[in-house]
Each structure stands twice: as structure tokens, then as C-alpha cells.
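query.txt (compact mmCIF, C-alpha atoms and all ligand atoms)
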```txt
# COMPACT_ATOMS: atom_id res chain seq x y z
CA MET A 1 95.60 96.19 95.69
CA ALA A 2 99.22 95.55 94.67
CA VAL A 3 102.14 93.28 95.43
CA THR A 4 105.52 94.59 96.53
CA ASP A 5 108.64 93.72 98.46
CA ASP A 6 109.61 97.38 98.79
CA GLY A 7 112.96 97.89 100.45
CA LEU A 8 114.01 94.34 99.56
CA CYS A 9 114.19 94.31 95.78
CA VAL A 10 113.60 90.82 94.33
CA GLN A 11 117.08 89.79 93.17
CA ASN A 12 116.30 86.48 91.52
CA ASN A 13 114.88 86.98 88.01
CA GLU A 14 112.95 83.70 88.03
CA VAL A 15 111.29 84.55 91.37
CA MET A 16 110.34 87.95 89.95
CA ARG A 17 108.99 86.30 86.79
CA ARG A 18 106.75 83.94 88.81
CA ALA A 19 105.60 86.71 91.15
CA VAL A 20 104.53 88.82 88.20
CA GLU A 21 102.81 85.85 86.53
CA TYR A 22 100.81 85.00 89.65
CA ALA A 23 99.93 88.62 90.38
CA ARG A 24 98.71 89.00 86.78
CA MET A 25 96.14 86.21 87.36
CA PHE A 26 94.51 88.42 89.98
CA GLY A 27 94.87 91.63 88.00
CA LEU A 28 97.42 92.96 90.47
CA VAL A 29 100.37 95.18 89.64
CA VAL A 30 103.79 94.24 91.04
CA MET A 31 105.72 97.22 92.40
CA ASP A 32 109.47 97.04 92.76
CA HIS A 33 112.13 98.94 94.67
CA CYS A 34 114.80 98.78 91.97
CA GLN A 35 118.19 97.96 93.51
CA ASP A 36 120.79 95.38 92.54
CA ALA A 37 121.95 94.30 96.00
CA SER A 38 125.27 92.91 94.77
CA MET A 39 126.33 96.43 93.74
CA THR A 40 125.13 98.29 96.83
CA LYS A 41 126.50 96.33 99.81
CA GLY A 42 127.25 98.81 102.59
CA ALA A 43 126.41 101.77 100.34
CA VAL A 44 124.87 104.79 102.08
CA MET A 45 124.64 107.55 99.45
CA ASN A 46 124.82 108.14 95.69
CA ASP A 47 128.06 106.93 94.11
CA GLY A 48 129.84 109.97 92.66
CA TYR A 49 131.73 113.15 93.46
CA TRP A 50 130.15 113.65 96.89
CA SER A 51 130.54 110.06 98.09
CA LEU A 52 134.22 110.26 97.13
CA LYS A 53 134.67 113.63 98.84
CA LEU A 54 132.82 112.57 102.00
CA GLY A 55 134.45 109.15 102.20
CA LEU A 56 131.12 107.32 102.14
CA LYS A 57 130.35 104.11 100.25
CA GLY A 58 128.50 104.84 97.01
CA TRP A 59 125.23 103.35 95.67
CA PRO A 60 125.60 103.69 91.88
CA ALA A 61 122.65 104.71 89.71
CA ALA A 62 123.59 101.76 87.48
CA ALA A 63 122.41 99.39 90.25
CA GLU A 64 118.95 100.95 89.92
CA ASP A 65 119.01 101.06 86.11
CA LEU A 66 119.88 97.35 85.87
CA ILE A 67 116.77 96.32 87.81
CA ILE A 68 114.55 98.78 85.93
CA ALA A 69 115.87 97.22 82.70
CA ARG A 70 115.23 93.71 84.10
CA ASN A 71 111.67 94.67 85.03
CA ILE A 72 111.05 96.15 81.57
CA VAL A 73 112.23 92.90 79.95
CA LEU A 74 109.93 90.85 82.22
CA ALA A 75 106.92 93.14 81.74
CA GLU A 76 107.33 92.82 77.98
CA PHE A 77 107.94 89.05 78.13
CA LEU A 78 104.89 88.43 80.35
CA ASP A 79 102.69 91.24 79.00
CA ALA A 80 102.12 92.24 82.61
CA HIS A 81 102.24 95.51 84.54
CA ILE A 82 105.32 96.27 86.68
CA HIS A 83 105.56 99.56 88.57
CA MET A 84 108.95 101.10 89.46
CA GLN A 85 108.90 102.70 92.86
CA HIS A 86 110.69 105.99 93.65
CA VAL A 87 112.78 106.21 90.45
CA SER A 88 115.84 108.36 91.22
CA SER A 89 118.17 108.06 88.22
CA ALA A 90 118.32 109.75 84.82
CA GLY A 91 119.17 106.38 83.26
CA GLY A 92 116.09 104.78 84.80
CA VAL A 93 113.85 107.53 83.41
CA GLU A 94 115.30 107.07 79.93
CA LEU A 95 114.84 103.27 80.05
CA LEU A 96 111.19 103.73 81.05
CA ARG A 97 110.67 106.37 78.35
CA ARG A 98 111.87 104.01 75.61
CA ALA A 99 109.90 101.04 76.99
CA LYS A 100 106.68 103.05 77.15
CA LYS A 101 107.16 104.17 73.53
CA ARG A 102 107.16 100.47 72.57
CA GLY A 103 103.95 99.96 74.56
CA VAL A 104 105.45 97.93 77.43
CA LYS A 105 103.13 97.93 80.48
CA VAL A 106 105.45 99.69 82.90
CA SER A 107 104.87 102.68 85.12
CA GLY A 108 107.03 104.71 87.43
CA GLU A 109 106.88 107.14 90.30
CA ALA A 110 108.95 110.03 91.62
CA ALA A 111 109.39 111.04 95.24
CA PRO A 112 109.46 114.78 96.07
CA HIS A 113 112.91 114.54 97.71
CA HIS A 114 114.38 113.20 94.47
CA PHE A 115 113.20 116.22 92.46
CA PHE A 116 113.95 118.72 95.26
CA PHE A 117 117.37 117.78 96.65
CA THR A 118 120.68 116.38 95.34
CA ASP A 119 123.51 114.33 96.85
CA ALA A 120 125.33 117.61 97.61
CA CYS A 121 122.85 117.93 100.53
CA CYS A 122 124.77 115.10 102.29
CA ARG A 123 127.82 117.35 102.60
CA ASN A 124 127.31 117.94 106.34
CA TYR A 125 126.65 114.26 107.06
CA ASP A 126 123.06 115.17 108.02
CA THR A 127 121.28 111.81 108.20
CA ASN A 128 117.96 113.44 107.27
CA PHE A 129 119.31 113.33 103.71
CA LYS A 130 119.95 109.58 103.87
CA MET A 131 117.30 107.55 102.08
CA ASN A 132 117.06 104.64 99.68
CA PRO A 133 117.37 105.08 96.73
CA PRO A 134 119.69 107.95 97.59
CA LEU A 135 119.59 111.58 96.49
CA ARG A 136 121.46 111.74 93.20
CA THR A 137 123.05 114.44 91.01
CA GLU A 138 121.52 117.61 89.57
CA ARG A 139 121.40 115.86 86.18
CA ASP A 140 119.31 113.07 87.73
CA ARG A 141 117.08 115.57 89.55
CA LEU A 142 116.32 117.41 86.29
CA ALA A 143 115.69 114.09 84.49
CA ILE A 144 113.10 113.15 87.13
CA ILE A 145 111.31 116.47 86.51
CA ASP A 146 111.45 115.90 82.72
CA GLY A 147 110.07 112.38 83.30
CA LEU A 148 107.10 113.80 85.19
CA LEU A 149 106.55 116.47 82.53
CA ASP A 150 106.39 114.06 79.57
CA GLY A 151 104.49 111.30 81.40
CA THR A 152 107.39 108.84 81.60
CA LEU A 153 106.93 108.97 85.36
CA ASP A 154 103.23 108.53 86.08
CA ILE A 155 102.82 109.65 89.66
CA ILE A 156 104.32 111.31 92.74
CA ALA A 157 104.67 109.18 95.89
CA THR A 158 106.34 110.13 99.16
CA ASP A 159 108.21 106.98 100.29
CA HIS A 160 107.35 108.31 103.79
CA ALA A 161 109.63 106.56 106.31
CA PRO A 162 109.51 107.68 109.95
CA HIS A 163 112.49 107.03 112.23
CA THR A 164 113.04 108.33 115.76
CA GLU A 165 115.55 111.09 116.41
CA ASP A 166 117.52 108.57 118.45
CA GLU A 167 117.88 106.23 115.47
CA LYS A 168 118.89 109.02 113.08
CA ASP A 169 121.24 110.79 115.51
CA CYS A 170 124.37 108.78 114.70
CA GLU A 171 127.10 108.46 112.09
CA PHE A 172 125.87 108.65 108.49
CA ASP A 173 127.06 105.07 107.91
CA TYR A 174 124.94 103.67 110.75
CA ALA A 175 121.74 105.72 110.41
CA PRO A 176 118.69 103.97 108.94
CA PHE A 177 117.57 104.94 105.42
CA GLY A 178 114.44 107.02 105.10
CA ILE A 179 112.78 110.37 105.69
CA ILE A 180 109.26 111.58 106.33
CA GLY A 181 107.58 113.33 103.41
CA LEU A 182 103.82 113.14 103.79
CA GLU A 183 103.19 116.62 105.20
CA THR A 184 105.69 118.32 102.87
CA ALA A 185 104.77 116.45 99.66
CA LEU A 186 102.25 119.03 98.47
CA GLY A 187 104.39 122.09 99.28
CA ALA A 188 107.58 120.57 97.83
CA SER A 189 105.75 119.51 94.65
CA LEU A 190 104.01 122.88 94.25
CA GLU A 191 107.30 124.70 94.77
CA THR A 192 109.29 122.64 92.23
CA LEU A 193 106.70 121.87 89.60
CA TYR A 194 103.94 124.50 89.79
CA HIS A 195 105.47 127.74 91.07
CA SER A 196 108.38 127.19 88.66
CA GLY A 197 105.85 127.35 85.80
CA LYS A 198 106.63 123.82 84.63
CA MET A 199 103.11 122.44 85.18
CA THR A 200 99.57 123.64 85.63
CA LEU A 201 97.84 122.99 88.92
CA PRO A 202 95.49 120.30 87.47
CA GLU A 203 98.48 118.53 85.89
CA LEU A 204 100.34 118.42 89.20
CA LEU A 205 97.32 117.38 91.26
CA SER A 206 96.57 114.56 88.85
CA LEU A 207 100.01 113.10 89.68
CA MET A 208 98.97 112.94 93.34
CA THR A 209 95.29 111.96 93.04
CA ASN A 210 93.55 110.13 90.18
CA LYS A 211 96.70 108.77 88.52
CA PRO A 212 98.02 106.95 91.62
CA ALA A 213 94.51 105.59 92.21
CA ALA A 214 94.36 104.33 88.60
CA ILE A 215 97.65 102.40 88.95
CA VAL A 216 96.14 100.28 91.72
CA ASN A 217 92.62 100.26 90.21
CA LEU A 218 91.02 102.29 92.99
CA PRO A 219 88.04 104.47 92.03
CA LYS A 220 89.48 107.47 93.88
CA GLY A 221 91.09 110.81 93.30
CA THR A 222 88.25 112.55 91.49
CA LEU A 223 85.45 114.96 92.44
CA THR A 224 82.92 113.01 90.36
CA PRO A 225 79.43 112.86 91.96
CA GLY A 226 79.20 109.63 93.95
CA ALA A 227 82.98 109.35 94.47
CA ASP A 228 84.43 109.16 97.98
CA ALA A 229 84.71 112.68 99.40
CA ASP A 230 88.45 112.52 100.14
CA ILE A 231 89.24 116.18 99.69
CA VAL A 232 92.12 118.51 100.54
CA VAL A 233 91.38 122.24 100.60
CA PHE A 234 94.55 124.29 100.22
CA ASP A 235 95.94 127.67 99.28
CA PRO A 236 98.70 127.06 96.68
CA ASP A 237 100.33 130.46 97.26
CA CYS A 238 100.45 130.70 101.05
CA PRO A 239 104.05 130.28 102.30
CA VAL A 240 104.68 127.86 105.16
CA GLN A 241 108.00 127.54 106.92
CA VAL A 242 108.57 123.86 107.66
CA ASP A 243 109.35 123.19 111.31
CA ALA A 244 110.05 119.49 111.82
CA ARG A 245 108.98 119.79 115.47
CA GLN A 246 105.57 121.20 114.55
CA LEU A 247 104.64 118.39 112.15
CA GLN A 248 101.88 115.98 113.07
CA SER A 249 104.22 113.05 112.53
CA LYS A 250 105.75 111.60 115.69
CA SER A 251 109.06 111.65 113.82
CA SER A 252 111.05 114.69 112.79
CA ASN A 253 113.43 113.15 110.24
CA CYS A 254 112.42 115.77 107.68
CA PRO A 255 114.96 117.18 105.19
CA TRP A 256 112.74 120.21 104.49
CA HIS A 257 113.17 121.55 108.04
CA GLY A 258 113.69 125.32 107.77
CA HIS A 259 112.58 125.54 104.13
CA THR A 260 109.70 127.81 103.15
CA LEU A 261 107.30 126.02 100.82
CA ARG A 262 104.29 127.65 99.21
CA GLY A 263 101.06 125.68 99.73
CA LYS A 264 99.06 125.61 102.94
CA VAL A 265 96.49 122.93 103.67
CA ASN A 266 93.38 124.46 105.23
CA ALA A 267 91.26 121.36 105.61
CA THR A 268 91.37 117.64 104.86
CA PHE A 269 88.27 115.49 104.53
CA VAL A 270 88.24 111.69 104.43
CA ALA A 271 84.98 110.08 103.31
CA GLY A 272 83.28 113.45 103.83
CA LYS A 273 84.48 113.93 107.41
CA LEU A 274 86.82 116.74 108.45
CA VAL A 275 89.99 115.10 109.80
CA TRP A 276 92.41 118.05 109.69
CA ASP A 277 91.56 121.63 110.51
CA GLY A 278 94.29 123.94 109.23
CA GLU A 279 92.91 126.92 111.20
CA THR A 280 93.43 125.29 114.58
CA GLY A 281 96.20 122.97 113.42
CA ARG A 282 94.38 120.00 114.89
CA ILE A 283 93.69 116.46 113.81
CA ILE A 284 90.04 115.60 114.41
CA HIS A 285 89.35 112.04 115.54
CA HIS A 286 85.95 110.54 114.73
ZN ZN B 1 111.78 101.45 98.53
```

Encoded form using C-alpha cells:
Amino acid sequence: MAVTDDGLCVQNNEVMRRAVEYARMFGLVVMDHCQDASMTKGAVMNDGYWSLKLGLKGWPAAAEDLIIARNIVLAEFLDAHIHMQHVSSAGGVELLRRAKKRGVKVSGEAAPHHFFFTDACCRNYDTNFKMNPPLRTERDRLAIIDGLLDGTLDIIATDHAPHTEDEKDCEFDYAPFGIIGLETALGASLETLYHSGKMTLPELLSLMTNKPAAIVNLPKGTLTPGADADIVVFDPDCPVQVDARQLQSKSSNCPWHGHTLRGKVNATFVAGKLVWDGETGRIIHH
């Protein structure tokens, strides 16, 4: 449904150009993890005040902005669709905003951790706040929210990345990038975007349902008669305290551990079949 080299951003502009050209022939979108590798060698967190204070190598937002700018230039040149994965920088949001105004076929996504946390969360060297792209500043966090509010960022995606406790339980420099976010995505998004009064419930849900489906041309994410009955039944107001050990994921690398998020899932249906029963807290295998 799409082409991506997520995690290994395409560095060579000509390779990216050809990839986008070929994908276009099949009507496929190319999704990119925007990171200039030459500027981020050995980097483990956002480049700024906290990386300096903690003595950790910084991953500058400019390294993300450069590739977003490159992708905008190529999308315009080739009249093809390029999607920016997990945009984390204020500069990246602004570049996308201007490109979209000109009608360039670009889209972008935000991950809940990027609009919930900042790089200050790394202050205790907790590796559950180490991900790629990294948590950035409060200014970036607010820009991501503004991007979602004005449609510059099209969707919310988790960038869910499980790692064992063993892998994450080491020095910040050596820990793998990535956190789990699937089971907390709804609560974290409701808390930041809906309970804050920034968005209506339909606006928020659209960012997690029909809009992501539309980017990859899947006829999903609606309750239209005849559509696949992939349905989540939830109470948006019910508070849930996140306990990383109680999650269904086999991994517990969850930065929301201990947080109380409003939004409790009562039931999940896939293709009309109940697969998660919130009452018993059980996954149902068919
Ligand atoms: Zn990525």
C-alpha cells in the first residue's frame, strides 16, 4: 500500500527521486523518515539545552528539516505524493505548511509522544524517552499541535517500537531508539487534543481513522454501510492509570507509565469480530 525505508532515511537525492518516480507508476505513496544521517552520527536525543546539560550527543531539528525540504522539492518536481513520517520539529511543520499552500502533494504525521512529551523528559536518563526522531522542545511540541489543528499534519501515527526491558536497561547512549505507543495512543491524544478543548471528538478521531486510510488508499476508517466493521468502543472520559506491566504488549518500554490518561477502550472489533473485551481485559483469539 506504500513504500518506505523507515528508520533508514534515503540519503541520496537521486535514489529518492527514482523511488518516487517508480512508486508513482503504481499509484503508491513514498513515506520517509526524515533524517540527514551526516548530521546525526552517534546522536541520541534532541540537540539543545538538555543534550548539553546531560552530556549527550544531539540530533538537531535542522537534520529533519533538511530532508523534509528535500522531499518537498522532489514532490513538487515529480508531481508525486511524499509522506513525512513522525514529524517532530517546528521547522518541519512550517515547511510543510508553506508547501501545502502552494499545492505540493505532501502529507505529514504526528506521533503522540511528540505532542505529549519534550526533551526535558530525558533528564533522568530514562531510556523510555529515547526514540527517533527524538523528543524536542516545548516550542516544537506546540508547533506539532498547531500543525494538527490547521491540517498541516494530516494524521496521528504511533511509531510503535517494542524493545525488551533487557535491551532498554542500559546507558542512554547504548539503548535502542523506540517506545511502544499503540495502547496509549488514544488516551494520550484525547488528553492533549480533546480534553484540552483544542479539537472536537470527530476531528480527533478522523486523524486516527479515515484520514490515515485515505493516505494509503484503503477504504477504511468509516462507519458507512458495507465498510469493514473495524470498530473501537470507548469512553472518552474514563480515567485509566497506565501501568506498563499491565499492557497487552510483550514489551514495557512505555513513557506513559504512571500517567493517568482519560479514555478507556471497552471493546475492539476487527471485521465484525470482538477481539478485545475491556470488561475482562482479555484478547479474544478467533
Ligand atoms: Zn522512523

Residue neighbourhood Leu182 (chain A), 9 Å, only C-alpha atoms, exclusion window fewer than 6 positions, as a ChimeraX atom specification = /A:157-160,249

Pick out the residues sitting within 12 Å of region 236-239 of chain A, and hand them over as a VMD selection string; count only C-alpha atoms, and ignore anything fewer than 6 positions along from it in its own chain.
-> chain A and resid 186 to 191 193 to 195 200 to 202 204 to 205 259 to 266

Could those residues be written to a file, using C-alpha atoms, as a PDB file, in the frame of the given file?
```
ATOM      1  CA  LEU A 186     102.250 119.030  98.470  1.00  0.00           C
ATOM      2  CA  GLY A 187     104.390 122.090  99.280  1.00  0.00           C
ATOM      3  CA  ALA A 188     107.580 120.570  97.830  1.00  0.00           C
ATOM      4  CA  SER A 189     105.750 119.510  94.650  1.00  0.00           C
ATOM      5  CA  LEU A 190     104.010 122.880  94.250  1.00  0.00           C
ATOM      6  CA  GLU A 191     107.300 124.700  94.770  1.00  0.00           C
ATOM      7  CA  LEU A 193     106.700 121.870  89.600  1.00  0.00           C
ATOM      8  CA  TYR A 194     103.940 124.500  89.790  1.00  0.00           C
ATOM      9  CA  HIS A 195     105.470 127.740  91.070  1.00  0.00           C
ATOM     10  CA  THR A 200      99.570 123.640  85.630  1.00  0.00           C
ATOM     11  CA  LEU A 201      97.840 122.990  88.920  1.00  0.00           C
ATOM     12  CA  PRO A 202      95.490 120.300  87.470  1.00  0.00           C
ATOM     13  CA  LEU A 204     100.340 118.420  89.200  1.00  0.00           C
ATOM     14  CA  LEU A 205      97.320 117.380  91.260  1.00  0.00           C
ATOM     15  CA  HIS A 259     112.580 125.540 104.130  1.00  0.00           C
ATOM     16  CA  THR A 260     109.700 127.810 103.150  1.00  0.00           C
ATOM     17  CA  LEU A 261     107.300 126.020 100.820  1.00  0.00           C
ATOM     18  CA  ARG A 262     104.290 127.650  99.210  1.00  0.00           C
ATOM     19  CA  GLY A 263     101.060 125.680  99.730  1.00  0.00           C
ATOM     20  CA  LYS A 264      99.060 125.610 102.940  1.00  0.00           C
ATOM     21  CA  VAL A 265      96.490 122.930 103.670  1.00  0.00           C
ATOM     22  CA  ASN A 266      93.380 124.460 105.230  1.00  0.00           C
TER      23      ASN A 266
END
```

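You can rank A:Glu203, A:Glu14, A:Glu109, A:Asp243 by their closest distance to ligand ZN 1 (chain B) using all atoms listed in the file, and at the top of that list sits A:Glu109.
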
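Distance check against ligand ZN 1 (chain B) using only C-alpha atoms and all ligand atoms: of A:Ile145, A:Ala161, A:Ala80, A:Val232, the minimum falls on A:Ala161.
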
List the neighbours of Arg136 (chain A) out to 9 Å using only C-alpha atoms; skip same-chain residues closer than 2 positions along the sequence, and give me the result as a list in words.
->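 After dropping sequence-adjacent residues, the list is Met45, Asn46, Asp47, Gly48, Ala61, Ser88, Ser89, His114, Phe117, Thr118, Asp119, Ala120, Pro133, Pro134, Glu138, Arg139, Asp140 and Arg141 of chain A.
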
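For ligand ZN 1 (chain B), the neighbouring protein, DNA and RNA residues, which are those within 10 Å when only C-alpha atoms and all ligand atoms are counted, are Thr4, Asp5, Asp6, Gly7, Leu8, Cys9, Met31, Asp32, His33, Cys34, Gln35, Met84, Gln85, His86, Val87, Met131, Asn132, Pro133, Asp159, His160, Ala161, Phe177 and Gly178 of chain A.
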
Hey, could you patch up region 127-154 of chain A with N, CA and C atoms and hand it over as a short mmCIF file (atom, residue, chain, number, x, y, z; two decimals), in the frame of the given file?
```
data_model
loop_
_atom_site.label_atom_id
_atom_site.label_comp_id
_atom_site.auth_asym_id
_atom_site.auth_seq_id
_atom_site.Cartn_x
_atom_site.Cartn_y
_atom_site.Cartn_z
N THR A 127 121.93 113.09 108.53
CA THR A 127 121.28 111.81 108.20
C THR A 127 119.84 111.98 107.72
N ASN A 128 119.30 113.21 107.82
CA ASN A 128 117.96 113.44 107.27
C ASN A 128 118.00 113.56 105.74
N PHE A 129 119.19 113.40 105.17
CA PHE A 129 119.31 113.33 103.71
C PHE A 129 119.75 111.93 103.28
N LYS A 130 119.60 110.96 104.19
CA LYS A 130 119.95 109.58 103.87
C LYS A 130 118.67 108.78 103.64
N MET A 131 118.47 108.37 102.41
CA MET A 131 117.30 107.55 102.08
C MET A 131 117.68 106.60 100.96
N ASN A 132 116.77 105.68 100.65
CA ASN A 132 117.06 104.64 99.68
C ASN A 132 115.90 104.49 98.69
N PRO A 133 116.11 104.70 97.37
CA PRO A 133 117.37 105.08 96.73
C PRO A 133 117.82 106.48 97.17
N PRO A 134 119.14 106.71 97.06
CA PRO A 134 119.69 107.95 97.59
C PRO A 134 119.42 109.17 96.71
N LEU A 135 119.62 110.35 97.29
CA LEU A 135 119.59 111.58 96.49
C LEU A 135 120.71 111.47 95.48
N ARG A 136 120.43 111.88 94.24
CA ARG A 136 121.46 111.74 93.20
C ARG A 136 121.91 113.11 92.71
N THR A 137 122.43 113.19 91.49
CA THR A 137 123.05 114.44 91.01
C THR A 137 121.99 115.41 90.46
N GLU A 138 122.43 116.62 90.16
CA GLU A 138 121.52 117.61 89.57
C GLU A 138 120.98 117.10 88.23
N ARG A 139 121.83 116.41 87.48
CA ARG A 139 121.40 115.86 86.18
C ARG A 139 120.24 114.86 86.39
N ASP A 140 120.38 114.03 87.42
CA ASP A 140 119.31 113.07 87.73
C ASP A 140 118.05 113.80 88.17
N ARG A 141 118.23 114.81 89.03
CA ARG A 141 117.08 115.57 89.55
C ARG A 141 116.28 116.19 88.38
N LEU A 142 117.00 116.79 87.43
CA LEU A 142 116.32 117.41 86.29
C LEU A 142 115.66 116.35 85.40
N ALA A 143 116.28 115.18 85.30
CA ALA A 143 115.69 114.09 84.49
C ALA A 143 114.40 113.58 85.11
N ILE A 144 114.33 113.57 86.45
CA ILE A 144 113.10 113.15 87.13
C ILE A 144 111.98 114.15 86.79
N ILE A 145 112.32 115.44 86.83
CA ILE A 145 111.31 116.47 86.51
C ILE A 145 110.86 116.31 85.05
N ASP A 146 111.81 116.12 84.13
CA ASP A 146 111.45 115.90 82.72
C ASP A 146 110.56 114.67 82.58
N GLY A 147 110.87 113.61 83.34
CA GLY A 147 110.07 112.38 83.30
C GLY A 147 108.63 112.63 83.74
N LEU A 148 108.46 113.47 84.74
CA LEU A 148 107.10 113.80 85.19
C LEU A 148 106.39 114.66 84.15
N LEU A 149 107.16 115.56 83.50
CA LEU A 149 106.55 116.47 82.53
C LEU A 149 106.06 115.74 81.28
N ASP A 150 106.82 114.73 80.82
CA ASP A 150 106.39 114.06 79.57
C ASP A 150 105.63 112.75 79.83
N GLY A 151 105.33 112.46 81.10
CA GLY A 151 104.49 111.30 81.40
C GLY A 151 105.25 109.99 81.52
N THR A 152 106.58 110.05 81.40
CA THR A 152 107.39 108.84 81.60
C THR A 152 107.21 108.35 83.02
N LEU A 153 107.24 109.30 83.97
CA LEU A 153 106.93 108.97 85.36
C LEU A 153 105.46 109.34 85.56
N ASP A 154 104.70 108.39 86.06
CA ASP A 154 103.23 108.53 86.08
C ASP A 154 102.69 109.28 87.28
#
```
